[in-house]
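Undergrad: For reference, the structure I am asking about is given below.
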Amino acid sequence: MNAVGVNDENVAPLAQPQSTEVTVDYVASENLEAFQDADVKIQGLVGGLESKDWVKVCESLNDARRFALYHSALLLPILDKVVMVMVKAMKNPRSALIKTSIMASSDIFKAFGENLIESTSDAFNQLLLQLLLKASQDKKFVCEEADKALSAMVDAMAPLPLLHKLSVYVGHSNPRVRAKAANSISKCVSKMDVESMKEFGLVKLIQSASTLLNDKLPEAREAARGLVISLYEAITESEEEKLEYWQSFCQSNLAAIHAQAMVKLVSS
């Protein structure tokens with residue numbers, strides 16, 4: 001008798017079980033359709049999102065996207081719950097869950113940008129952190145999807161309150177997270193008028209820009225250059241001697257070497 005685990009060439013091998021790997025379809029927003037029975041479907045959405053079956057969670061996240069796009073009033077009362085499920089899914093090691101939840105965040109931003117930014121819960125803060133982390137990953141298809149979601153966020157939300165949320169990441173320990181935050185900050189500021197910039201704090205903005213201009217990653221430095229140009233154009237808009245005014249402003253609020261870099265950037 002053969003010992004357990006020893007192969008016998010005279011014994012037919014056992015049939016191997018067929019692969020049961022499940023594939024998930026990534027549906028573009030424009031291909032999602034409205035529900036015929038939205039009032040009924042909404043009743044089971046939270047249960048589906050909280051399922052232990054990851055495929056069911058993906059399906060429910062796509063349903064949440066459909067509600068966001070076509071039946072937003074029905075989704076609003078459970079919006080925080082939905083966002084927290086998205087955050088949990090982004091922390092999951094399964095790529096399909098991560099990508100589906102990121103795609104859902106883009107549609108949620110488009111439908112509920114103002115609601116999210118004004119919410120008193122911590123849901124949006126956690127979602128923002130996860131998107132910045134996922135945009136900083138090496139997995140290209142996850143990173144690209146997170147970049148799209150961050151762009152959708154900036155497009156959908158009022159720039160001033162969003163800038164307050166983003167600004168804390170200028171000093172993040174992960175340089176990629178800093179760079180992604182810098183990119184969103186630059187886009188936010190480009191949408192603001194000088195009064196909004198003053199409300200946030202012109203000195204704070206110029207100091208953040210100066211810090212990012214010296215960042216180790218090119219993406220952060222490039223975003224900082226865009227931020228500086230937006231600041232320069234807004235601050236000097238009503239000034240006749242634009243460069244002189246800008247130089248004076250920078251010298252008043254930055255170390256000499258950094259002020260010089262700011263002047264050089266806008267005059268080149």
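We label chains A, B, ... in the order they appear in the structure tokens, count residues from 1 in each chain, and number ligands from 1 in the order shown.
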Need to verify the contact set: Ser60 (chain A), 6 Å, only C-alpha atoms, exclusion of same-chain residues closer than 3 positions in sequence. Can you return it as an MDAnalysis selection string?
TA: chainID A and resid 48:49 57 63
Undergrad: Name the residues in contact with Met103 (chain A) at a cut-off of 10 Å, using only C-alpha atoms, excluding same-chain residues fewer than 2 positions from it; report them as a list of chain:residue names.
TA: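 After dropping sequence-adjacent residues, the list is A:Tyr26, A:Val27, A:Ala28, A:Ser29, A:Leu61, A:Asn62, A:Arg65, A:Met86, A:Leu97, A:Ile98, A:Lys99, A:Thr100, A:Ser101, A:Ser105, A:Ser106, A:Asp107, A:Ile108, A:Val142, A:Glu145, A:Ala146, A:Lys148, A:Ala149.
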Undergrad: What would the file look like if the residues just selected were written as a tab-separated table (two decimals), in the first residue's frame with C-alpha atoms?
TA:
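And here is the file that came out, part18.tsv:
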```tsv
chain	number	residue	atom	x	y	z
A	26	TYR	CA	-17.47	47.43	-14.21
A	27	VAL	CA	-20.38	49.43	-15.58
A	28	ALA	CA	-19.77	52.99	-16.76
A	29	SER	CA	-22.13	55.59	-15.28
A	61	LEU	CA	-22.89	49.24	-4.82
A	62	ASN	CA	-23.93	49.40	-8.47
A	65	ARG	CA	-24.99	54.24	-8.09
A	86	MET	CA	-17.85	52.28	0.30
A	97	LEU	CA	-14.72	45.59	-4.44
A	98	ILE	CA	-12.21	48.42	-4.36
A	99	LYS	CA	-12.82	49.52	-7.94
A	100	THR	CA	-16.62	49.20	-7.71
A	101	SER	CA	-16.69	51.30	-4.54
A	105	SER	CA	-18.00	57.40	-5.05
A	106	SER	CA	-17.81	59.31	-8.35
A	107	ASP	CA	-21.56	58.99	-8.86
A	108	ILE	CA	-22.25	59.82	-5.21
A	142	VAL	CA	-7.34	51.35	-9.08
A	145	GLU	CA	-10.30	55.20	-11.04
A	146	ALA	CA	-9.47	57.02	-7.79
A	148	LYS	CA	-11.36	60.17	-11.66
A	149	ALA	CA	-13.28	60.12	-8.38
```
Undergrad: Go through region 112-163 of chain A residue by residue and, counting only C-alpha atoms, keep those with an atom at most 12 Å from region 201-219 of chain A; for each kept residue give the shortest atom pair and its distance in Å to one decimal, ordered by chain and increasing number, as JSON lines.
TA:
```
{"residue": "A:Ser136", "atom": "CA", "partner": "A:Glu219", "partner_atom": "CA", "distance": 11.4}
{"residue": "A:Leu160", "atom": "CA", "partner": "A:Gly201", "partner_atom": "CA", "distance": 10.5}
{"residue": "A:Leu163", "atom": "CA", "partner": "A:Leu205", "partner_atom": "CA", "distance": 10.0}
```
Undergrad: Could you write out that same residue set with N, CA, C and O atoms as a PDB file, in the first residue's frame?
TA:
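That gives us selection_33.pdb:
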```pdb
ATOM      1  N   SER A 136      -2.931  56.710  -4.693  1.00  0.00           N
ATOM      2  CA  SER A 136      -1.483  56.630  -4.487  1.00  0.00           C
ATOM      3  C   SER A 136      -0.933  55.219  -4.659  1.00  0.00           C
ATOM      4  O   SER A 136       0.260  54.987  -4.472  1.00  0.00           O
ATOM      5  N   LEU A 160     -14.405  76.107  -1.292  1.00  0.00           N
ATOM      6  CA  LEU A 160     -13.907  76.566   0.011  1.00  0.00           C
ATOM      7  C   LEU A 160     -14.014  75.500   1.101  1.00  0.00           C
ATOM      8  O   LEU A 160     -13.005  75.181   1.745  1.00  0.00           O
ATOM      9  N   LEU A 163     -11.592  72.714   0.337  1.00  0.00           N
ATOM     10  CA  LEU A 163     -10.205  73.104   0.567  1.00  0.00           C
ATOM     11  C   LEU A 163      -9.817  72.921   2.034  1.00  0.00           C
ATOM     12  O   LEU A 163      -8.704  72.495   2.352  1.00  0.00           O
TER      13      LEU A 163
END
```
Undergrad: So that I can see what lies close to Val46 (chain A), please list as an NGL selection string the residues with an atom at most 9 Å from it, counting only C-alpha atoms and leaving out residues fewer than 2 positions away in the same chain.
TA: :A and (42-44 or 48-51 or 60 or 78 or 81-82)
Undergrad: Write a file of the just-selected residues containing N, CA, C and O atoms, as a PDB file, in the first residue's frame.
TA:
```
ATOM      1  N   ILE A  42     -35.242  50.119  -2.857  1.00  0.00           N
ATOM      2  CA  ILE A  42     -34.488  50.823  -1.816  1.00  0.00           C
ATOM      3  C   ILE A  42     -34.589  50.098  -0.478  1.00  0.00           C
ATOM      4  O   ILE A  42     -33.681  50.189   0.359  1.00  0.00           O
ATOM      5  N   GLN A  43     -35.672  49.347  -0.286  1.00  0.00           N
ATOM      6  CA  GLN A  43     -35.876  48.650   0.987  1.00  0.00           C
ATOM      7  C   GLN A  43     -34.789  47.602   1.254  1.00  0.00           C
ATOM      8  O   GLN A  43     -34.444  47.336   2.403  1.00  0.00           O
ATOM      9  N   GLY A  44     -34.267  47.019   0.185  1.00  0.00           N
ATOM     10  CA  GLY A  44     -33.276  45.961   0.372  1.00  0.00           C
ATOM     11  C   GLY A  44     -31.840  46.402   0.154  1.00  0.00           C
ATOM     12  O   GLY A  44     -30.914  45.579   0.230  1.00  0.00           O
ATOM     13  N   GLY A  48     -28.253  44.440   1.227  1.00  0.00           N
ATOM     14  CA  GLY A  48     -27.321  43.975   0.198  1.00  0.00           C
ATOM     15  C   GLY A  48     -25.925  44.523   0.414  1.00  0.00           C
ATOM     16  O   GLY A  48     -24.927  43.819   0.234  1.00  0.00           O
ATOM     17  N   LEU A  49     -25.837  45.777   0.813  1.00  0.00           N
ATOM     18  CA  LEU A  49     -24.531  46.402   1.046  1.00  0.00           C
ATOM     19  C   LEU A  49     -23.811  45.770   2.238  1.00  0.00           C
ATOM     20  O   LEU A  49     -22.580  45.742   2.292  1.00  0.00           O
ATOM     21  N   GLU A  50     -24.578  45.271   3.202  1.00  0.00           N
ATOM     22  CA  GLU A  50     -23.991  44.673   4.403  1.00  0.00           C
ATOM     23  C   GLU A  50     -23.826  43.163   4.289  1.00  0.00           C
ATOM     24  O   GLU A  50     -23.434  42.504   5.251  1.00  0.00           O
ATOM     25  N   SER A  51     -24.080  42.608   3.109  1.00  0.00           N
ATOM     26  CA  SER A  51     -23.965  41.167   2.889  1.00  0.00           C
ATOM     27  C   SER A  51     -22.529  40.688   3.107  1.00  0.00           C
ATOM     28  O   SER A  51     -21.567  41.429   2.898  1.00  0.00           O
ATOM     29  N   SER A  60     -24.815  45.543  -5.066  1.00  0.00           N
ATOM     30  CA  SER A  60     -25.539  46.561  -4.304  1.00  0.00           C
ATOM     31  C   SER A  60     -24.894  47.933  -4.454  1.00  0.00           C
ATOM     32  O   SER A  60     -25.588  48.959  -4.456  1.00  0.00           O
ATOM     33  N   ILE A  78     -30.153  57.468   3.707  1.00  0.00           N
ATOM     34  CA  ILE A  78     -29.182  56.443   4.118  1.00  0.00           C
ATOM     35  C   ILE A  78     -27.797  56.713   3.529  1.00  0.00           C
ATOM     36  O   ILE A  78     -26.948  55.828   3.477  1.00  0.00           O
ATOM     37  N   LYS A  81     -24.675  55.799   5.595  1.00  0.00           N
ATOM     38  CA  LYS A  81     -24.480  54.340   5.659  1.00  0.00           C
ATOM     39  C   LYS A  81     -23.835  53.834   4.373  1.00  0.00           C
ATOM     40  O   LYS A  81     -22.925  52.996   4.403  1.00  0.00           O
ATOM     41  N   VAL A  82     -24.319  54.319   3.249  1.00  0.00           N
ATOM     42  CA  VAL A  82     -23.780  53.908   1.952  1.00  0.00           C
ATOM     43  C   VAL A  82     -22.309  54.294   1.839  1.00  0.00           C
ATOM     44  O   VAL A  82     -21.464  53.497   1.402  1.00  0.00           O
TER      45      VAL A  82
END
```
Undergrad: Among region 99-267 of chain A, which ones does DSSP place in helix (DSSP H, G or I), written as number ranges by chain?
TA: A: 99-118, 123-135, 140-156, 159-171, 175-190, 194-200, 202-213, 218-235, 242-253, 256-267
Undergrad: Which one of A:Ser267, A:Ser186, A:Ser196, A:Ala234 sits closest to Gln247 (chain A) if you count only C-alpha atoms?
TA: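 Comparing A:Ser267, A:Ser186, A:Ser196, A:Ala234 against Gln247 (chain A), the winner is A:Ser267.
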Undergrad: With distances taken over only C-alpha atoms, which residue among A:Leu69, A:Ala123, A:Met90, A:Ala220 lies nearest Gly171 (chain A)?
TA: A:Ala220
